[in-house]
>>> print(open('run-v3.cif').read())   # mmCIF, C-alpha atoms
data_input
#
loop_
_atom_site.group_PDB
_atom_site.id
_atom_site.type_symbol
_atom_site.label_atom_id
_atom_site.label_comp_id
_atom_site.auth_asym_id
_atom_site.auth_seq_id
_atom_site.Cartn_x
_atom_site.Cartn_y
_atom_site.Cartn_z
ATOM 1 C CA MET A 1 0.000 0.000 0.000
ATOM 2 C CA SER A 2 1.285 3.449 -0.950
ATOM 3 C CA LEU A 3 0.284 6.845 0.357
ATOM 4 C CA PRO A 4 0.041 10.255 -1.337
ATOM 5 C CA LYS A 5 3.335 12.100 -0.986
ATOM 6 C CA GLY A 6 2.062 14.772 1.410
ATOM 7 C CA LEU A 7 0.327 12.272 3.653
ATOM 8 C CA ALA A 8 3.327 9.961 3.548
ATOM 9 C CA GLU A 9 5.573 12.777 4.755
ATOM 10 C CA ASP A 10 3.248 13.605 7.655
ATOM 11 C CA VAL A 11 3.059 9.959 8.696
ATOM 12 C CA SER A 12 6.820 9.581 8.389
ATOM 13 C CA LYS A 13 7.444 12.603 10.645
ATOM 14 C CA ASN A 14 5.249 11.125 13.338
ATOM 15 C CA LEU A 15 6.906 7.710 13.114
ATOM 16 C CA VAL A 16 10.330 9.310 13.412
ATOM 17 C CA MET A 17 9.207 11.122 16.558
ATOM 18 C CA VAL A 18 7.909 7.855 17.984
ATOM 19 C CA ALA A 19 11.324 6.277 17.446
ATOM 20 C CA ARG A 20 13.132 9.258 18.977
ATOM 21 C CA LEU A 21 10.976 9.529 22.093
ATOM 22 C CA ILE A 22 9.933 5.976 22.908
ATOM 23 C CA ASP A 23 12.795 5.380 25.375
ATOM 24 C CA GLU A 24 13.071 8.791 27.050
ATOM 25 C CA ASP A 25 9.472 10.028 26.824
ATOM 26 C CA PRO A 26 7.136 7.110 26.070
ATOM 27 C CA GLU A 27 3.985 9.153 26.721
ATOM 28 C CA SER A 28 4.891 11.659 24.028
ATOM 29 C CA ALA A 29 5.864 8.816 21.696
ATOM 30 C CA TYR A 30 2.435 7.313 22.293
ATOM 31 C CA ALA A 31 0.767 10.624 21.404
ATOM 32 C CA TYR A 32 2.660 10.819 18.106
ATOM 33 C CA SER A 33 1.767 7.202 17.339
ATOM 34 C CA LYS A 34 -1.930 7.992 17.788
ATOM 35 C CA ILE A 35 -1.646 10.807 15.249
ATOM 36 C CA ALA A 36 0.062 8.512 12.746
ATOM 37 C CA LEU A 37 -2.587 5.876 13.399
ATOM 38 C CA ARG A 38 -5.392 8.304 12.556
ATOM 39 C CA LEU A 39 -3.616 9.311 9.363
ATOM 40 C CA ALA A 40 -2.771 5.836 8.051
ATOM 41 C CA SER A 41 -4.320 3.028 10.053
ATOM 42 C CA ARG A 42 -4.082 0.644 7.099
ATOM 43 C CA VAL A 43 -0.300 0.822 6.976
ATOM 44 C CA ALA A 44 1.350 -2.075 8.801
ATOM 45 C CA ALA A 45 4.314 0.070 9.814
ATOM 46 C CA VAL A 46 1.994 2.477 11.582
ATOM 47 C CA ARG A 47 0.159 -0.303 13.411
ATOM 48 C CA GLU A 48 3.473 -1.786 14.526
ATOM 49 C CA ALA A 49 4.803 1.575 15.744
ATOM 50 C CA ALA A 50 1.546 2.192 17.606
ATOM 51 C CA GLY A 51 1.916 -1.230 19.189
ATOM 52 C CA PHE A 52 5.415 -0.543 20.460
ATOM 53 C CA ALA A 53 4.381 2.882 21.780
ATOM 54 C CA ALA A 54 1.469 1.329 23.674
ATOM 55 C CA TYR A 55 3.751 -1.457 24.911
ATOM 56 C CA ALA A 56 6.245 1.113 26.244
ATOM 57 C CA ASN A 57 3.391 2.671 28.232
ATOM 58 C CA GLN A 58 2.268 -0.719 29.585
ATOM 59 C CA LYS A 59 -0.959 -0.562 27.602
ATOM 60 C CA TYR A 60 -0.662 -4.255 26.839
ATOM 61 C CA SER A 61 -4.174 -4.889 25.562
ATOM 62 C CA GLU A 62 -3.898 -2.058 23.067
ATOM 63 C CA ALA A 63 -0.373 -3.087 22.075
ATOM 64 C CA LEU A 64 -1.465 -6.663 21.452
ATOM 65 C CA ALA A 65 -4.320 -5.510 19.226
ATOM 66 C CA GLU A 66 -1.966 -3.364 17.137
ATOM 67 C CA PHE A 67 0.627 -6.130 16.820
ATOM 68 C CA ARG A 68 -2.048 -8.585 15.704
ATOM 69 C CA ALA A 69 -3.245 -6.102 13.087
ATOM 70 C CA ALA A 70 0.298 -5.595 11.774
ATOM 71 C CA ARG A 71 0.821 -9.357 11.610
ATOM 72 C CA ARG A 72 -2.393 -9.852 9.634
ATOM 73 C CA MET A 73 -1.258 -7.216 7.147
ATOM 74 C CA THR A 74 2.225 -8.606 6.622
ATOM 75 C CA GLY A 75 1.997 -12.285 7.460
ATOM 76 C CA SER A 76 5.269 -11.931 9.357
ATOM 77 C CA VAL A 77 5.996 -13.754 12.635
ATOM 78 C CA ASP A 78 8.602 -11.216 13.795
ATOM 79 C CA LEU A 79 6.234 -9.767 16.413
ATOM 80 C CA TRP A 80 5.416 -13.151 17.957
ATOM 81 C CA PRO A 81 7.726 -12.775 21.026
ATOM 82 C CA VAL A 82 6.492 -9.292 21.951
ATOM 83 C CA MET A 83 2.908 -10.438 21.459
ATOM 84 C CA ALA A 84 3.593 -13.242 23.930
ATOM 85 C CA ASP A 85 5.107 -10.727 26.346
ATOM 86 C CA CYS A 86 1.907 -8.675 26.094
ATOM 87 C CA GLU A 87 0.058 -11.776 27.276
ATOM 88 C CA ARG A 88 2.358 -11.786 30.297
ATOM 89 C CA GLY A 89 1.612 -8.124 30.895
ATOM 90 C CA LEU A 90 -2.090 -8.935 30.857
ATOM 91 C CA GLY A 91 -1.569 -11.544 33.567
ATOM 92 C CA ARG A 92 -1.794 -14.535 31.230
ATOM 93 C CA PRO A 93 1.590 -16.301 31.513
ATOM 94 C CA GLU A 94 -0.004 -19.609 30.507
ATOM 95 C CA LYS A 95 -0.957 -18.081 27.144
ATOM 96 C CA ALA A 96 2.613 -16.795 26.716
ATOM 97 C CA LEU A 97 3.959 -20.320 27.294
ATOM 98 C CA GLU A 98 1.477 -21.694 24.799
ATOM 99 C CA MET A 99 2.775 -19.226 22.223
ATOM 100 C CA ALA A 100 6.359 -20.231 23.075
ATOM 101 C CA GLY A 101 5.561 -23.755 21.945
ATOM 102 C CA ALA A 102 3.741 -22.766 18.764
ATOM 103 C CA ALA A 103 4.940 -23.484 15.240
ATOM 104 C CA GLU A 104 5.518 -19.763 14.633
ATOM 105 C CA VAL A 105 8.599 -19.884 16.876
ATOM 106 C CA HIS A 106 10.422 -22.120 14.387
ATOM 107 C CA LYS A 107 9.961 -19.430 11.732
ATOM 108 C CA LEU A 108 11.739 -16.800 13.824
ATOM 109 C CA ASP A 109 15.348 -15.872 13.208
ATOM 110 C CA LYS A 110 17.940 -16.526 15.909
ATOM 111 C CA ALA A 111 17.342 -13.183 17.643
ATOM 112 C CA GLY A 112 13.615 -13.814 17.689
ATOM 113 C CA GLN A 113 14.053 -17.306 19.126
ATOM 114 C CA VAL A 114 16.258 -15.982 21.915
ATOM 115 C CA GLU A 115 13.689 -13.281 22.648
ATOM 116 C CA MET A 116 10.982 -15.939 22.787
ATOM 117 C CA ARG A 117 13.099 -17.930 25.248
ATOM 118 C CA LEU A 118 13.410 -14.859 27.474
ATOM 119 C CA VAL A 119 9.653 -14.331 27.389
ATOM 120 C CA ALA A 120 9.002 -17.996 28.205
ATOM 121 C CA ALA A 121 11.409 -17.858 31.154
ATOM 122 C CA GLY A 122 9.665 -14.727 32.387
ATOM 123 C CA ALA A 123 6.327 -16.502 32.167
ATOM 124 C CA ARG A 124 7.713 -19.362 34.247
ATOM 125 C CA ARG A 125 8.817 -16.880 36.878
ATOM 126 C CA ASP A 126 5.386 -15.254 36.807
ATOM 127 C CA MET A 127 4.049 -18.672 37.775
ATOM 128 C CA ASP A 128 6.678 -19.095 40.545
ATOM 129 C CA GLN A 129 8.399 -21.867 38.596
ATOM 130 C CA LEU A 130 11.971 -20.729 39.190
ATOM 131 C CA ASP A 131 13.666 -24.011 38.383
ATOM 132 C CA ALA A 132 11.741 -24.259 35.123
ATOM 133 C CA ALA A 133 12.733 -20.679 34.266
ATOM 134 C CA ILE A 134 16.394 -21.534 34.801
ATOM 135 C CA VAL A 135 16.141 -24.618 32.586
ATOM 136 C CA THR A 136 14.328 -22.592 29.909
ATOM 137 C CA LEU A 137 17.255 -20.173 29.681
ATOM 138 C CA GLN A 138 19.876 -22.920 29.444
ATOM 139 C CA SER A 139 20.642 -23.073 25.741
ATOM 140 C CA PRO A 140 23.498 -23.131 23.209
ATOM 141 C CA GLU A 141 23.168 -19.333 22.958
ATOM 142 C CA LEU A 142 23.762 -18.997 26.696
ATOM 143 C CA ALA A 143 26.773 -21.330 26.641
ATOM 144 C CA SER A 144 28.348 -19.698 23.590
ATOM 145 C CA ASN A 145 31.439 -17.536 24.080
ATOM 146 C CA THR A 146 30.515 -15.477 21.042
ATOM 147 C CA VAL A 147 28.967 -12.143 21.954
ATOM 148 C CA GLN A 148 25.768 -11.364 20.078
ATOM 149 C CA PRO A 149 23.308 -8.461 20.510
ATOM 150 C CA TRP A 150 21.196 -10.639 22.800
ATOM 151 C CA THR A 151 24.054 -12.150 24.865
ATOM 152 C CA ALA A 152 24.068 -9.638 27.731
ATOM 153 C CA ARG A 153 20.314 -9.794 28.248
ATOM 154 C CA LEU A 154 20.288 -13.593 28.132
ATOM 155 C CA ARG A 155 23.108 -13.888 30.661
ATOM 156 C CA TYR A 156 21.501 -11.251 32.874
ATOM 157 C CA ALA A 157 18.148 -13.049 32.873
ATOM 158 C CA TYR A 158 19.889 -16.310 33.753
ATOM 159 C CA ALA A 159 21.830 -14.680 36.598
ATOM 160 C CA ASP A 160 18.697 -13.023 37.944
ATOM 161 C CA ALA A 161 16.805 -16.331 37.897
ATOM 162 C CA LEU A 162 19.668 -18.068 39.712
ATOM 163 C CA LEU A 163 19.703 -15.364 42.359
ATOM 164 C CA ALA A 164 15.941 -15.624 42.839
ATOM 165 C CA ALA A 165 16.426 -19.363 43.366
ATOM 166 C CA GLY A 166 19.030 -18.713 46.074
ATOM 167 C CA ARG A 167 22.011 -19.860 44.002
ATOM 168 C CA GLU A 168 24.098 -16.768 44.752
ATOM 169 C CA GLY A 169 27.489 -18.128 43.753
ATOM 170 C CA GLU A 170 26.327 -19.083 40.271
ATOM 171 C CA ALA A 171 24.350 -15.865 39.997
ATOM 172 C CA ARG A 172 27.433 -13.785 40.697
ATOM 173 C CA GLU A 173 29.362 -15.676 38.019
ATOM 174 C CA TRP A 174 26.712 -15.001 35.405
ATOM 175 C CA PHE A 175 26.236 -11.366 36.368
ATOM 176 C CA ALA A 176 29.981 -10.991 35.793
ATOM 177 C CA LYS A 177 29.629 -12.640 32.378
ATOM 178 C CA ALA A 178 26.757 -10.308 31.596
ATOM 179 C CA VAL A 179 28.958 -7.317 32.428
ATOM 180 C CA GLU A 180 31.654 -8.612 30.066
ATOM 181 C CA SER A 181 29.218 -8.796 27.156
ATOM 182 C CA ASP A 182 27.214 -5.655 27.940
ATOM 183 C CA LYS A 183 29.174 -3.129 25.910
ATOM 184 C CA ASP A 184 26.345 -0.629 25.484
ATOM 185 C CA GLY A 185 24.964 -0.732 29.028
ATOM 186 C CA SER A 186 21.675 -2.376 28.097
ATOM 187 C CA THR A 187 21.448 -3.980 31.558
ATOM 188 C CA ASP A 188 22.328 -2.961 35.106
ATOM 189 C CA ALA A 189 24.472 -6.063 35.549
ATOM 190 C CA SER A 190 27.413 -4.059 36.905
ATOM 191 C CA ASP A 191 25.212 -2.530 39.608
ATOM 192 C CA ARG A 192 23.780 -5.910 40.549
ATOM 193 C CA LEU A 193 27.261 -7.377 40.762
ATOM 194 C CA ALA A 194 28.475 -4.506 42.949
ATOM 195 C CA GLU A 195 25.438 -4.941 45.173
ATOM 196 C CA MET A 196 26.249 -8.615 45.657
ATOM 197 C CA ASP A 197 29.827 -7.691 46.535
ATOM 198 C CA GLY A 198 28.634 -5.154 49.105
ATOM 199 C CA VAL A 199 29.951 -2.158 47.200
ATOM 200 C CA GLU A 200 28.105 1.120 47.775
ATOM 201 C CA PHE A 201 28.471 4.114 45.512
ATOM 202 C CA VAL A 202 28.383 7.573 47.118
ATOM 203 C CA ASP A 203 27.772 10.667 45.030
ATOM 204 C CA ALA A 204 30.115 13.272 46.494
ATOM 205 C CA PHE A 205 28.525 16.033 44.440
ATOM 206 C CA VAL A 206 25.170 15.465 46.078
ATOM 207 C CA GLU A 207 26.735 15.889 49.531
ATOM 208 C CA ASP A 208 28.482 19.092 48.470
ATOM 209 C CA ASP A 209 25.215 20.447 47.119
ATOM 210 C CA ASP A 210 23.500 19.688 50.435
ATOM 211 C CA GLU A 211 26.226 21.541 52.350
ATOM 212 C CA ASP A 212 25.956 24.530 50.033
ATOM 213 C CA ASP A 213 22.196 24.617 50.481
ATOM 214 C CA THR A 214 22.617 24.604 54.266
ATOM 215 C CA GLU A 215 25.045 27.529 54.130
ATOM 216 C CA ILE A 216 22.703 29.497 51.926
ATOM 217 C CA GLU A 217 19.778 28.891 54.240
ATOM 218 C CA ILE A 218 21.749 30.020 57.308
ATOM 219 C CA GLY A 219 22.930 33.171 55.547
ATOM 220 C CA ALA A 220 19.459 33.929 54.344
ATOM 221 C CA GLU A 221 17.994 33.688 57.842
ATOM 222 C CA ALA A 222 20.492 36.221 59.163
ATOM 223 C CA GLU A 223 19.639 38.741 56.474
ATOM 224 C CA VAL A 224 15.869 38.540 56.493
ATOM 225 C CA ASP A 225 14.314 41.440 58.470
ATOM 226 C CA ASP A 226 10.782 41.456 57.204
ATOM 227 C CA GLU A 227 8.510 38.672 56.118
ATOM 228 C CA VAL A 228 7.943 38.372 52.390
ATOM 229 C CA GLU A 229 4.446 37.684 51.264
ATOM 230 C CA PRO A 230 4.298 34.419 49.323
ATOM 231 C CA GLN A 231 3.233 34.651 45.709
ATOM 232 C CA ASP A 232 0.039 33.051 44.597
ATOM 233 C CA ASP A 233 0.381 29.539 43.252
ATOM 234 C CA VAL A 234 0.430 29.284 39.501
ATOM 235 C CA SER A 235 -1.195 26.301 37.854
ATOM 236 C CA VAL A 236 0.785 24.608 35.146
ATOM 237 C CA VAL A 237 -1.068 22.746 32.440
ATOM 238 C CA ASP A 238 0.786 19.825 30.846
ATOM 239 C CA GLU A 239 0.995 19.742 27.091
ATOM 240 C CA LEU A 240 -0.126 16.151 27.126
ATOM 241 C CA ASP A 241 -3.157 14.909 29.056
ATOM 242 C CA ASP A 242 -3.214 11.881 31.362
ATOM 243 C CA GLU A 243 -3.229 8.381 29.910
ATOM 244 C CA ASP A 244 -7.030 8.254 29.957
ATOM 245 C CA GLU A 245 -7.147 11.321 27.712
ATOM 246 C CA ASP A 246 -4.432 10.258 25.257
ATOM 247 C CA ASP A 247 -7.064 8.996 22.854
ATOM 248 C CA ASP A 248 -8.540 12.511 22.549
ATOM 249 C CA ILE A 249 -5.722 13.721 20.288
ATOM 250 C CA GLU A 250 -7.312 15.105 17.128
ATOM 251 C CA VAL A 251 -6.022 14.905 13.583
ATOM 252 C CA ASP A 252 -5.816 18.702 13.612
ATOM 253 C CA GLU A 253 -2.781 18.370 15.859
ATOM 254 C CA VAL A 254 -0.817 17.170 12.842
ATOM 255 C CA ASP A 255 -0.295 20.846 12.033
ATOM 256 C CA GLU A 256 2.014 21.079 15.051
ATOM 257 C CA VAL A 257 4.207 18.335 13.657
ATOM 258 C CA ASP A 258 5.067 20.566 10.675
ATOM 259 C CA GLU A 259 7.536 22.299 12.977
ATOM 260 C CA VAL A 260 9.383 19.066 13.565
ATOM 261 C CA GLU A 261 12.487 18.470 11.469
ATOM 262 C CA ALA A 262 11.442 16.730 8.248
ATOM 263 C CA ALA A 263 12.170 13.011 8.205
ATOM 264 C CA ALA A 264 15.051 11.912 6.020
ATOM 265 C CA GLU A 265 12.849 9.293 4.437
ATOM 266 C CA THR A 266 9.150 9.160 3.613
ATOM 267 C CA VAL A 267 6.978 6.234 4.610
ATOM 268 C CA GLU A 268 7.561 4.677 1.183
ATOM 269 C CA ASP A 269 11.312 4.770 1.879
ATOM 270 C CA VAL A 270 11.008 3.545 5.469
ATOM 271 C CA VAL A 271 8.694 0.660 4.702
ATOM 272 C CA LYS A 272 9.270 -1.920 2.037
ATOM 273 C CA GLU A 273 6.857 -3.693 -0.238
ATOM 274 C CA ASP A 274 4.743 -4.941 2.661
ATOM 275 C CA VAL A 275 4.888 -1.525 4.378
ATOM 276 C CA LEU A 276 6.609 -3.045 7.430
ATOM 277 C CA LEU A 277 8.438 -0.583 9.677
ATOM 278 C CA LYS A 278 10.980 -2.941 11.150
ATOM 279 C CA GLU A 279 12.287 -5.913 9.246
ATOM 280 C CA ASP A 280 15.851 -5.948 10.488
ATOM 281 C CA ASP A 281 17.135 -8.042 13.357
ATOM 282 C CA ASP A 282 17.999 -5.087 15.548
ATOM 283 C CA LYS A 283 14.615 -4.473 17.208
ATOM 284 C CA ASN A 284 14.496 -3.277 20.844
#
>>> encode(input="run-v3.cif", output="C-alpha cells")
Amino acid sequence: MSLPKGLAEDVSKNLVMVARLIDEDPESAYAYSKIALRLASRVAAVREAAGFAAYANQKYSEALAEFRAARRMTGSVDLWPVMADCERGLGRPEKALEMAGAAEVHKLDKAGQVEMRLVAAGARRDMDQLDAAIVTLQSPELASNTVQPWTARLRYAYADALLAAGREGEAREWFAKAVESDKDGSTDASDRLAEMDGVEFVDAFVEDDDEDDTEIEIGAEAEVDDEVEPQDDVSVVDELDDEDEDDDIEVDEVDEVDEVEAAAETVEDVVKEDVLLKEDDDKN
C-alpha cells in the first residue's frame, strides 16, 4: 500500500518522533503514534509503531491488538515474542507459554528465538516456577562464548533467575559474564554485581550540594528582616493529558508536527513492499 506524498511525509514525521521519544518520553511517543494511526491506520508500519508505543506505556491490551493487526497485514511472525510478552503483561503467563511452543517460533530468526526464550522464562517466573525458568534459559546461545546483541540480556536473565532461586554463587558468576558482554549498558548487571559484593556508591557532588544549600539557608535567615508575602500559586497545564485522555488527540494536531524536522525518508522509503516498519534483526 502506498500513500500520497504529502500524507506519507506527515506519517513519516510522526513515526520518526515515535522512534526518537519511545525510550526517554514514552507518553509523548504514544501521542505521536496515535496521530500517525489516525492518518494511516491501514499501513502495517503504523500499526506496529503504535503497538510498540502502547507497549512502552504498559498498555498491553492495546499493544497486542496493534501487533495482531500488523501481523495480519504482513503475514510476518517477527512480532510473535512481543505479542507473547503482552500476554504476560495482561496476567496470562499460561498463554505466553502456549505461544512459546507454537509453530511460529520455528519461523523466527535466531534473535527472535532468543527473545521468545526470554519471554518464556519470564512466564515461568510469573508462575513461581523458578527451576523451570532456569532450565528454559539454558541453551546453546547462553553457553556460547561469542557475543551477540542478545548475549548480555540472556546472561543477565539467567543470573537473575539463579539469584531468585538462592544460588548466589552461580548468579554472581553469570552477572559478571553479563557485564563482560554488555558493551552498550543495556542492563544494570554491573550494579547488581556490585550490590552482591557489598559495594556502595556515594555521590560526592550530592553531599556538596546539600552543604551549600545549608550555608545558603543560614545566611538567608540572618539577612531577612521582614517577612515576604508568598506569591500566589500558579497552575501549570501539561501539554499532554493523562493516559485516559491520550485517545482525545485530534487529527488537527498534525499541524504542530510541521515544525518538527522533516524526516530523512518518507513512509515509502522507510517501509518496504509490505509496508513493514521494522524488518531488520535489531529491534528493541
>>> resolve_selection(input="run-v3.cif", expression="the PyMOL selection byres ((chain A and resi 160) around 12)", output="PyMOL selection string")
chain A and resi 118+121-122+125+130+133-134+137+153-159+161-176+178+187-189+192-193+196
>>> resolve_selection(input="run-v3.cif", expression="the PyMOL selection byres ((chain A and resi 106-115) around 9)", output="VMD selection string")
chain A and resid 77 to 82 102 to 105 116 to 120 137 141 148 to 150 154 281 to 282
>>> atom_distance(input="run-v3.cif", atom1="CA of Ala53 in chain A", atom2="CA of Ala29 in chain A")
6.1 Å
>>> atom_distance(input="run-v3.cif", atom1="CA of Ile35 in chain A", atom2="CA of Gly51 in chain A")
13.2 Å
>>> atom_distance(input="run-v3.cif", atom1="CA of Arg71 in chain A", atom2="CA of Ala49 in chain A")
12.3 Å
>>> closest_residue(input="run-v3.cif", among="A:Leu90, A:Ala132, A:Val16, A:Ala45", to="Tyr60 in chain A", atoms="only C-alpha atoms")
A:Leu90
>>> closest_residue(input="run-v3.cif", among="A:Arg38, A:Ala54, A:Ser76, A:Gly6", to="Val18 in chain A", atoms="only C-alpha atoms")
A:Ala54
>>> closest_residue(input="run-v3.cif", among="A:Ala50, A:Met127, A:Leu39, A:Ala152", to="Phe67 in chain A", atoms="all atoms listed in the file")
A:Ala50
>>> closest_residue(input="run-v3.cif", among="A:Glu24, A:Glu200, A:Val11, A:Tyr55", to="Ala36 in chain A", atoms="all atoms listed in the file")
A:Val11
